[in-house]
file data_9.txt (compact mmCIF, C-alpha atoms)
# COMPACT_ATOMS: atom_id res chain seq x y z
CA MET H 24 2.92 -3.78 -24.70
CA HIS H 25 3.85 -0.25 -23.66
CA ASN H 26 6.88 1.02 -21.70
CA PHE H 27 7.56 -2.50 -20.41
CA THR H 28 10.29 -2.57 -17.72
CA PRO H 29 10.36 -6.22 -16.61
CA VAL H 30 13.82 -6.34 -15.01
CA ALA H 31 13.52 -3.17 -12.93
CA SER H 32 10.00 -4.05 -11.85
CA LEU H 33 10.95 -7.58 -10.85
CA LEU H 34 13.99 -6.30 -8.95
CA GLY H 35 11.93 -3.65 -7.18
CA GLY H 36 9.32 -6.26 -6.33
CA ILE H 37 11.99 -8.49 -4.80
CA LEU H 38 13.15 -5.59 -2.58
CA ILE H 39 9.56 -5.01 -1.49
CA GLY H 40 9.25 -8.72 -0.74
CA LEU H 41 12.49 -8.70 1.28
CA SER H 42 11.36 -5.68 3.30
CA ALA H 43 7.95 -7.19 4.04
CA SER H 44 9.64 -10.50 4.93
CA ALA H 45 11.93 -8.73 7.39
CA MET H 46 8.92 -7.15 9.08
CA LEU H 47 7.28 -10.56 9.36
CA LEU H 48 10.26 -12.63 10.54
CA LEU H 49 11.81 -10.00 12.83
CA GLU H 50 8.73 -8.27 14.23
CA GLY H 51 5.83 -10.53 13.32
CA LYS H 52 4.07 -7.69 11.57
CA ILE H 53 2.32 -7.25 8.25
CA ALA H 54 3.93 -4.60 6.03
CA GLY H 55 0.65 -3.04 4.99
CA ILE H 56 1.36 0.61 4.33
CA SER H 57 -2.20 1.90 4.65
CA GLY H 58 -2.53 0.15 8.01
CA ILE H 59 0.86 1.36 9.24
CA PHE H 60 0.10 4.94 8.18
CA ALA H 61 -3.44 4.92 9.62
CA GLY H 62 -2.20 3.48 12.91
CA MET H 63 0.32 6.30 13.10
CA LEU H 64 -2.37 8.94 12.49
CA ARG H 65 -4.77 7.41 15.00
CA PRO H 66 -2.41 6.06 17.62
CA VAL H 67 -3.03 2.95 19.70
CA SER H 68 -0.93 2.79 22.86
CA ASN H 69 2.46 1.06 22.53
CA ASP H 70 1.81 0.44 18.88
CA THR H 71 2.89 3.71 17.33
CA ALA H 72 6.70 3.90 17.47
CA TRP H 73 7.42 1.11 14.97
CA ARG H 74 4.90 2.65 12.56
CA ALA H 75 6.55 6.07 12.76
CA CYS H 76 9.95 4.41 12.23
CA PHE H 77 8.70 2.53 9.17
CA VAL H 78 7.21 5.69 7.67
CA ALA H 79 10.44 7.57 8.44
CA GLY H 80 12.24 4.78 6.59
CA LEU H 81 9.94 5.22 3.59
CA LEU H 82 10.76 8.93 3.54
CA ALA H 83 14.49 8.25 3.95
CA GLY H 84 14.31 5.78 1.07
CA GLY H 85 12.41 8.42 -0.87
CA MET H 86 15.26 10.88 -0.25
CA LEU H 87 17.82 8.32 -1.45
CA LEU H 88 15.77 7.91 -4.64
CA ARG H 89 15.71 11.65 -5.06
CA VAL H 90 19.51 11.79 -4.91
CA PHE H 91 20.52 8.57 -6.68
CA MET H 92 17.57 7.75 -8.92
CA PRO H 93 15.62 10.92 -9.69
CA THR H 94 13.85 9.17 -12.58
CA ALA H 95 11.71 7.48 -9.89
CA TYR H 96 9.87 10.79 -9.73
CA ASP H 97 9.26 11.14 -13.46
CA PHE H 98 5.59 10.90 -12.64
CA GLY H 99 4.49 11.11 -16.28
CA ILE H 100 0.88 11.68 -15.32
CA ILE H 101 -0.16 14.12 -12.61
CA ARG H 102 -3.86 14.75 -12.27
CA SER H 103 -5.37 18.11 -11.33
CA TYR H 104 -5.55 19.04 -7.65
CA GLY H 105 -9.31 18.43 -7.64
CA VAL H 106 -8.89 14.88 -8.93
CA LEU H 107 -5.99 14.22 -6.56
CA ILE H 108 -8.05 15.34 -3.57
CA VAL H 109 -10.97 13.09 -4.51
CA ALA H 110 -8.57 10.23 -5.20
CA GLY H 111 -6.74 10.71 -1.90
CA LEU H 112 -9.99 10.75 0.07
CA LEU H 113 -11.10 7.53 -1.65
CA VAL H 114 -7.75 5.84 -1.06
CA GLY H 115 -7.69 6.83 2.62
CA PHE H 116 -11.29 5.92 3.34
CA GLY H 117 -11.37 2.82 1.10
CA THR H 118 -8.21 1.27 2.49
CA ARG H 119 -9.60 1.57 6.04
CA LEU H 120 -13.01 0.21 5.11
CA GLY H 121 -11.38 -2.66 3.22
CA ASN H 122 -8.54 -3.16 5.75
CA GLY H 123 -5.69 -2.86 3.32
CA CYS H 124 -4.07 -1.67 0.13
CA THR H 125 -1.69 -2.97 -2.52
CA SER H 126 0.94 -3.96 0.05
CA GLY H 127 -1.19 -5.50 2.81
CA HIS H 128 -3.63 -7.32 0.55
CA GLY H 129 -1.80 -7.44 -2.79
CA VAL H 130 1.56 -8.65 -1.49
CA CYS H 131 1.33 -9.94 2.09
CA GLY H 132 -2.22 -11.29 1.99
CA ILE H 133 -1.97 -13.05 -1.35
CA SER H 134 1.32 -14.64 -0.30
CA ARG H 135 -0.37 -15.95 2.83
CA LEU H 136 -3.11 -17.35 0.56
CA SER H 137 -5.72 -15.25 2.37
CA ALA H 138 -9.10 -15.46 0.59
CA ARG H 139 -9.98 -11.96 1.83
CA SER H 140 -6.83 -10.49 0.30
CA MET H 141 -7.26 -12.33 -3.00
CA VAL H 142 -10.81 -10.99 -3.30
CA ALA H 143 -9.77 -7.47 -2.27
CA THR H 144 -6.87 -7.42 -4.75
CA ALA H 145 -9.04 -8.68 -7.62
CA VAL H 146 -11.64 -6.04 -6.75
CA PHE H 147 -9.29 -3.07 -6.46
CA ILE H 148 -7.41 -3.93 -9.63
CA SER H 149 -10.76 -4.28 -11.43
CA SER H 150 -12.22 -1.05 -10.10
CA GLY H 151 -8.91 0.68 -10.86
CA ALA H 152 -8.96 -0.62 -14.44
CA ILE H 153 -12.58 0.47 -14.94
CA THR H 154 -11.69 3.89 -13.52
CA VAL H 155 -8.73 4.28 -15.89
CA TYR H 156 -10.90 3.23 -18.82
CA ALA H 157 -13.65 5.63 -17.83
CA PHE H 158 -11.21 8.48 -17.20
CA ASN H 159 -9.44 7.98 -20.54
CA HIS H 160 -12.64 7.74 -22.55
CA LEU H 161 -15.02 10.09 -20.78
CA VAL H 162 -12.88 12.73 -19.09
CA ALA H 163 -9.81 12.84 -21.30
CA GLY H 164 -11.91 12.21 -24.40
CA GLY H 165 -10.14 9.01 -25.46
CA ARG H 166 -6.64 8.67 -26.83
CA MET C 16 14.16 -0.80 20.65
CA LYS C 17 15.78 -3.04 18.07
CA SER C 18 12.47 -3.15 16.29
CA ALA C 19 12.55 0.62 15.78
CA VAL C 20 15.78 0.20 13.82
CA THR C 21 14.53 -2.76 11.80
CA SER C 22 11.25 -0.96 11.03
CA PHE C 23 13.19 2.03 9.76
CA PHE C 24 15.40 -0.02 7.48
CA ALA C 25 12.49 -2.13 6.28
CA GLY C 26 10.70 1.08 5.33
CA LEU C 27 13.81 2.34 3.58
CA VAL C 28 14.24 -0.84 1.51
CA PHE C 29 10.50 -0.87 0.78
CA ALA C 30 10.74 2.67 -0.62
CA LEU C 31 13.74 1.75 -2.78
CA GLY C 32 11.77 -1.21 -4.11
CA LEU C 33 8.83 1.04 -4.94
CA GLY C 34 11.10 3.53 -6.72
CA ILE C 35 13.10 0.96 -8.68
CA SER C 36 10.00 -0.99 -9.69
CA GLY C 37 8.17 2.02 -11.13
CA MET C 38 5.41 2.16 -8.52
CA THR C 39 6.23 5.80 -7.69
CA ARG C 40 5.34 6.82 -11.25
CA PRO C 41 1.60 7.21 -11.88
CA ILE C 42 2.20 6.73 -15.61
CA LYS C 43 3.38 3.16 -14.86
CA VAL C 44 0.52 2.47 -12.46
CA ILE C 45 -2.15 3.88 -14.75
CA GLY C 46 -0.49 2.03 -17.66
CA PHE C 47 -0.78 -1.21 -15.68
CA LEU C 48 -4.47 -0.56 -15.01
CA ASP C 49 -5.08 0.32 -18.67
CA PHE C 50 -6.02 -3.22 -19.69
CA PHE C 51 -8.23 -1.97 -22.51
CA GLY C 52 -5.67 0.47 -23.89
CA GLN C 53 -1.88 0.43 -24.05
CA TRP C 54 -1.28 -2.06 -21.28
CA ASP C 55 2.05 -1.92 -19.43
CA ALA C 56 2.44 -5.26 -17.64
CA SER C 57 5.49 -4.16 -15.62
CA LEU C 58 3.71 -3.89 -12.31
CA ALA C 59 2.52 -7.48 -12.55
CA LEU C 60 6.21 -8.34 -12.21
CA VAL C 61 6.45 -6.24 -9.05
CA MET C 62 3.80 -8.51 -7.58
CA VAL C 63 5.53 -11.64 -8.87
CA GLY C 64 8.82 -10.59 -7.24
CA ALA C 65 7.31 -9.46 -3.97
CA ILE C 66 4.89 -12.39 -3.62
CA GLY C 67 7.58 -14.90 -4.58
CA ILE C 68 9.83 -13.77 -1.73
CA TYR C 69 7.07 -13.18 0.83
CA PHE C 70 5.42 -16.54 0.12
CA LEU C 71 8.63 -18.26 1.23
CA ALA C 72 9.01 -16.01 4.28
CA SER C 73 5.41 -16.62 5.23
CA ARG C 74 5.89 -20.39 4.97
CA PHE C 75 9.05 -20.22 7.04
CA SER C 76 7.40 -18.03 9.69
CA ARG C 77 4.96 -20.84 10.44
CA THR C 78 7.83 -22.93 11.76
CA MET C 79 8.75 -20.19 14.23
CA PRO C 80 7.17 -20.01 17.68
CA ALA C 81 7.62 -16.22 17.69
CA PRO C 82 9.27 -13.56 15.53
CA TRP C 83 12.93 -12.91 16.31
CA LEU C 84 12.52 -9.53 18.00
CA GLU C 85 8.99 -9.54 19.37
CA PRO C 86 7.07 -11.88 21.68
CA LYS C 87 4.37 -12.81 19.18
CA PHE C 88 3.08 -12.59 15.64
CA ALA C 89 0.38 -10.02 14.84
CA ILE C 90 -1.09 -11.62 11.76
CA PRO C 91 -4.73 -11.20 10.73
CA SER C 92 -6.76 -14.36 11.12
CA ARG C 93 -10.06 -13.36 9.53
CA THR C 94 -11.21 -15.47 6.60
CA ASP C 95 -14.70 -14.09 5.91
CA VAL C 96 -15.22 -12.02 2.78
CA ASP C 97 -17.72 -9.36 3.81
CA ARG C 98 -19.36 -6.37 2.18
CA ARG C 99 -17.03 -3.87 3.88
CA LEU C 100 -13.98 -5.56 2.41
CA VAL C 101 -15.39 -5.45 -1.11
CA ALA C 102 -16.78 -1.91 -0.81
CA GLY C 103 -13.48 -0.66 0.60
CA ALA C 104 -11.53 -2.31 -2.23
CA VAL C 105 -13.87 -0.77 -4.82
CA LEU C 106 -13.34 2.74 -3.39
CA PHE C 107 -9.60 2.27 -3.02
CA GLY C 108 -9.36 1.02 -6.62
CA ILE C 109 -11.21 4.07 -7.93
CA GLY C 110 -8.85 6.41 -6.08
CA TRP C 111 -5.82 4.40 -7.20
CA GLY C 112 -6.96 4.50 -10.83
CA LEU C 113 -7.72 8.22 -10.69
CA ALA C 114 -4.39 9.35 -9.25
CA GLY C 115 -2.03 6.48 -10.02
CA PHE C 116 -0.83 6.52 -6.42
CA CYS C 117 -1.46 4.01 -3.66
CA PRO C 118 -0.36 4.70 -0.05
CA GLY C 119 3.26 3.42 -0.10
CA PRO C 120 4.40 5.16 -3.28
CA ALA C 121 2.55 8.34 -2.30
CA ILE C 122 4.29 8.57 1.09
CA THR C 123 7.66 7.70 -0.47
CA SER C 124 7.15 10.34 -3.17
CA LEU C 125 6.66 13.06 -0.56
CA ALA C 126 10.47 13.12 -0.64
CA SER C 127 10.33 14.43 -4.20
CA GLY C 128 8.97 17.71 -2.83
CA ALA C 129 6.25 17.79 -5.50
CA SER C 130 3.19 19.56 -4.14
CA PRO C 131 0.59 17.37 -5.95
CA VAL C 132 1.93 14.40 -3.97
CA ALA C 133 1.60 16.32 -0.71
CA VAL C 134 -1.98 17.23 -1.60
CA PHE C 135 -2.78 13.57 -2.34
CA VAL C 136 -1.25 12.36 0.94
CA ALA C 137 -3.07 15.08 2.91
CA ALA C 138 -6.38 14.03 1.31
CA MET C 139 -5.54 10.41 2.11
CA ALA C 140 -5.00 11.32 5.76
CA VAL C 141 -8.33 13.16 5.80
CA GLY C 142 -9.99 10.06 4.30
CA ILE C 143 -8.50 7.95 7.11
CA TYR C 144 -9.81 10.38 9.76
CA VAL C 145 -13.23 10.52 8.10
CA TYR C 146 -13.38 6.74 8.28
CA GLY C 147 -12.44 6.93 11.95
CA TRP C 148 -15.18 9.45 12.72
CA THR C 149 -17.87 7.49 10.88
CA THR C 150 -17.02 4.26 12.67
CA SER C 151 -16.25 5.57 16.17
CA ARG C 152 -19.93 6.57 16.44
CA GLU C 153 -21.13 3.09 15.48
CA VAL C 154 -18.64 0.98 17.37
CA SER C 155 -18.99 0.63 21.14
CA PRO C 156 -15.93 1.56 23.23
CA ALA C 157 -15.55 -1.99 24.48
CA ARG C 158 -15.44 -3.42 21.01
CA ASP C 159 -13.10 -0.71 19.84
CA SER C 160 -10.53 -1.32 22.56
CA SER C 161 -10.74 -5.10 22.19
CA ALA C 162 -9.71 -4.60 18.60
CA GLY C 163 -6.20 -3.34 19.26
CA LEU C 164 -5.08 -4.87 15.98
CA ARG C 165 -8.41 -4.45 14.21
CA ASP C 166 -8.13 -2.22 11.21
CA ALA C 167 -4.62 -1.22 12.18
CA VAL C 168 -3.40 -4.42 10.57
CA ASP C 169 -4.05 -5.13 6.94
CA ALA C 170 -5.87 -8.36 6.27
call {"tool": "encode", "arguments": {"input": "data_9.txt", "output": "structure tokens"}}
result
Amino acid sequence: MHNFTPVASLLGGILIGLSASAMLLLEGKIAGISGIFAGMLRPVSNDTAWRACFVAGLLAGGMLLRVFMPTAYDFGIIRSYGVLIVAGLLVGFGTRLGNGCTSGHGVCGISRLSARSMVATAVFISSGAITVYAFNHLVAGGR
Amino acid sequence: MKSAVTSFFAGLVFALGLGISGMTRPIKVIGFLDFFGQWDASLALVMVGAIGIYFLASRFSRTMPAPWLEPKFAIPSRTDVDRRLVAGAVLFGIGWGLAGFCPGPAITSLASGASPVAVFVAAMAVGIYVYGWTTSREVSPARDSSAGLRDAVDA
């Protein structure tokens, strides 16, 4: 096991769960980031303000991390711009085609025992793992 | 406009959770996906923590006639596993494995000021628009407008 950080990861996960729970109990909404972000970029009437506020909150939280916990941005691995562009396109397009990402499917959907989200999460973790394997062995030449 | 305030603070806490958990660090994400190499199981615990809490909230929400601040719940009701769902998850997983960023951590990490993150988020936005263009040609206007929640809400 490498770089294992069980306590921090569990604590962070609990905060994510509390945030998503607040969105559900207060506003009746799913805290799926790809959906929130996409709905902000392609606005639907009367359904944009809360999305912009949530994204502003993400950025504000990001600024707090920058000030109080700069290690959150010790990225460790940063791919080349070419890879990042391809990856970003795939993440944007794929999350819309599949109706969700790690938060909407992986957290909210699984918790609601949604079959769609369980399948989606199993698939994106698998394709992510295959991609990492392929990248490490083919592109980076193994390690 | 209470919900604007709660959305903001929910986003803020969400970002802190992502940062504390390690999700904003591609090395942790790629380490988690590296099942066949030096596996870092940390991010499994992010899911355990988040799902543990949200499972309870989700259960409790079913006893509520409506959420506290809004007239009704906007929760996806689809149960069919179709080809689009699987294909979308495959593509998303490839992008996630390549960069080590998924949407939440990428947006949060814009605050770091690092230009690679900005490039990733910009490409992600382009991917979202490309999806919109490819589907707006196929989908009839009537169907599109009837789907106010459609792909705006994660399943």
call {"tool": "atom_distance", "arguments": {"input": "data_9.txt", "atom1": "atom CA of Gly110 of chain C", "atom2": "atom CA of Tyr69 of chain C"}}
result
26.2 Å
call {"tool": "residues_around", "arguments": {"input": "data_9.txt", "residues": "segment 37-44 of chain C", "least_positions_apart": "2", "cutoff": "9 Å", "atoms": "only C-alpha atoms", "output": "CSV table (one decimal) with C-alpha atoms, in the frame of the given file"}}
result
chain,number,residue,atom,x,y,z
H,26,ASN,CA,6.9,1.0,-21.7
H,27,PHE,CA,7.6,-2.5,-20.4
H,28,THR,CA,10.3,-2.6,-17.7
H,31,ALA,CA,13.5,-3.2,-12.9
H,32,SER,CA,10.0,-4.0,-11.8
H,35,GLY,CA,11.9,-3.6,-7.2
H,94,THR,CA,13.8,9.2,-12.6
H,95,ALA,CA,11.7,7.5,-9.9
H,96,TYR,CA,9.9,10.8,-9.7
H,97,ASP,CA,9.3,11.1,-13.5
H,98,PHE,CA,5.6,10.9,-12.6
H,99,GLY,CA,4.5,11.1,-16.3
H,100,ILE,CA,0.9,11.7,-15.3
H,101,ILE,CA,-0.2,14.1,-12.6
C,30,ALA,CA,10.7,2.7,-0.6
C,32,GLY,CA,11.8,-1.2,-4.1
C,33,LEU,CA,8.8,1.0,-4.9
C,34,GLY,CA,11.1,3.5,-6.7
C,35,ILE,CA,13.1,1.0,-8.7
C,46,GLY,CA,-0.5,2.0,-17.7
C,47,PHE,CA,-0.8,-1.2,-15.7
C,48,LEU,CA,-4.5,-0.6,-15.0
C,49,ASP,CA,-5.1,0.3,-18.7
C,55,ASP,CA,2.0,-1.9,-19.4
C,56,ALA,CA,2.4,-5.3,-17.6
C,57,SER,CA,5.5,-4.2,-15.6
C,58,LEU,CA,3.7,-3.9,-12.3
C,61,VAL,CA,6.4,-6.2,-9.0
C,111,TRP,CA,-5.8,4.4,-7.2
C,112,GLY,CA,-7.0,4.5,-10.8
C,114,ALA,CA,-4.4,9.4,-9.2
C,115,GLY,CA,-2.0,6.5,-10.0
C,116,PHE,CA,-0.8,6.5,-6.4
C,117,CYS,CA,-1.5,4.0,-3.7
C,119,GLY,CA,3.3,3.4,-0.1
C,120,PRO,CA,4.4,5.2,-3.3
C,121,ALA,CA,2.6,8.3,-2.3
C,123,THR,CA,7.7,7.7,-0.5
C,124,SER,CA,7.2,10.3,-3.2
call {"tool": "residues_around", "arguments": {"input": "data_9.txt", "residues": "Gly121 of chain H", "least_positions_apart": "4", "cutoff": "7 Å", "atoms": "all atoms listed in the file", "output": "number ranges by chain"}}
result
H: 117; C: 99-104
call {"tool": "atom_distance", "arguments": {"input": "data_9.txt", "atom1": "atom CA of Ala133 of chain C", "atom2": "atom CA of Gly80 of chain H"}}
result
17.3 Å
call {"tool": "residues_around", "arguments": {"input": "data_9.txt", "residues": "segment 135-141 of chain H", "least_positions_apart": "6", "cutoff": "9 Å", "atoms": "all atoms listed in the file", "output": "count of residues only"}}
result
18
call {"tool": "atom_distance", "arguments": {"input": "data_9.txt", "atom1": "atom CA of Ala25 of chain C", "atom2": "atom CA of Leu82 of chain H"}}
result
11.5 Å
call {"tool": "residues_around", "arguments": {"input": "data_9.txt", "residues": "Met79 of chain C", "least_positions_apart": "4", "cutoff": "12 Å", "atoms": "only C-alpha atoms", "output": "list in words"}}
result
Leu47, Leu48, Leu49, Glu50 and Gly51 of chain H; Ala72, Ser73, Arg74, Phe75, Trp83, Leu84, Glu85, Pro86, Lys87 and Phe88 of chain C
call {"tool": "decode", "arguments": {"input": "data_9.txt", "residues": "segment 109-121 of chain H", "atoms": "N, CA and C atoms", "output": "PDB file, in the first residue's frame"}}
result
ATOM      1  N   VAL H 109      -6.938  16.436 -23.999  1.00  0.00           N
ATOM      2  CA  VAL H 109      -7.688  15.227 -24.382  1.00  0.00           C
ATOM      3  C   VAL H 109      -8.509  14.732 -23.196  1.00  0.00           C
ATOM      4  N   ALA H 110      -7.873  14.695 -22.024  1.00  0.00           N
ATOM      5  CA  ALA H 110      -8.554  14.205 -20.824  1.00  0.00           C
ATOM      6  C   ALA H 110      -9.756  15.093 -20.481  1.00  0.00           C
ATOM      7  N   GLY H 111      -9.577  16.400 -20.557  1.00  0.00           N
ATOM      8  CA  GLY H 111     -10.665  17.318 -20.236  1.00  0.00           C
ATOM      9  C   GLY H 111     -11.842  17.155 -21.191  1.00  0.00           C
ATOM     10  N   LEU H 112     -11.537  17.010 -22.481  1.00  0.00           N
ATOM     11  CA  LEU H 112     -12.604  16.792 -23.462  1.00  0.00           C
ATOM     12  C   LEU H 112     -13.370  15.513 -23.133  1.00  0.00           C
ATOM     13  N   LEU H 113     -12.635  14.449 -22.811  1.00  0.00           N
ATOM     14  CA  LEU H 113     -13.281  13.166 -22.495  1.00  0.00           C
ATOM     15  C   LEU H 113     -14.128  13.270 -21.230  1.00  0.00           C
ATOM     16  N   VAL H 114     -13.604  13.974 -20.226  1.00  0.00           N
ATOM     17  CA  VAL H 114     -14.358  14.116 -18.974  1.00  0.00           C
ATOM     18  C   VAL H 114     -15.634  14.934 -19.207  1.00  0.00           C
ATOM     19  N   GLY H 115     -15.506  16.028 -19.958  1.00  0.00           N
ATOM     20  CA  GLY H 115     -16.678  16.865 -20.228  1.00  0.00           C
ATOM     21  C   GLY H 115     -17.728  16.125 -21.032  1.00  0.00           C
ATOM     22  N   PHE H 116     -17.296  15.542 -22.137  1.00  0.00           N
ATOM     23  CA  PHE H 116     -18.238  14.837 -23.020  1.00  0.00           C
ATOM     24  C   PHE H 116     -18.785  13.578 -22.331  1.00  0.00           C
ATOM     25  N   GLY H 117     -17.894  12.802 -21.724  1.00  0.00           N
ATOM     26  CA  GLY H 117     -18.302  11.525 -21.113  1.00  0.00           C
ATOM     27  C   GLY H 117     -19.264  11.703 -19.959  1.00  0.00           C
ATOM     28  N   THR H 118     -19.047  12.732 -19.134  1.00  0.00           N
ATOM     29  CA  THR H 118     -19.954  12.920 -17.998  1.00  0.00           C
ATOM     30  C   THR H 118     -21.345  13.354 -18.460  1.00  0.00           C
ATOM     31  N   ARG H 119     -21.431  14.039 -19.610  1.00  0.00           N
ATOM     32  CA  ARG H 119     -22.762  14.410 -20.123  1.00  0.00           C
ATOM     33  C   ARG H 119     -23.447  13.196 -20.759  1.00  0.00           C
ATOM     34  N   LEU H 120     -22.670  12.445 -21.533  1.00  0.00           N
ATOM     35  CA  LEU H 120     -23.243  11.256 -22.175  1.00  0.00           C
ATOM     36  C   LEU H 120     -23.714  10.263 -21.103  1.00  0.00           C
ATOM     37  N   GLY H 121     -22.933  10.128 -20.046  1.00  0.00           N
ATOM     38  CA  GLY H 121     -23.254   9.162 -18.999  1.00  0.00           C
ATOM     39  C   GLY H 121     -24.019   9.766 -17.834  1.00  0.00           C
TER      40      GLY H 121
END
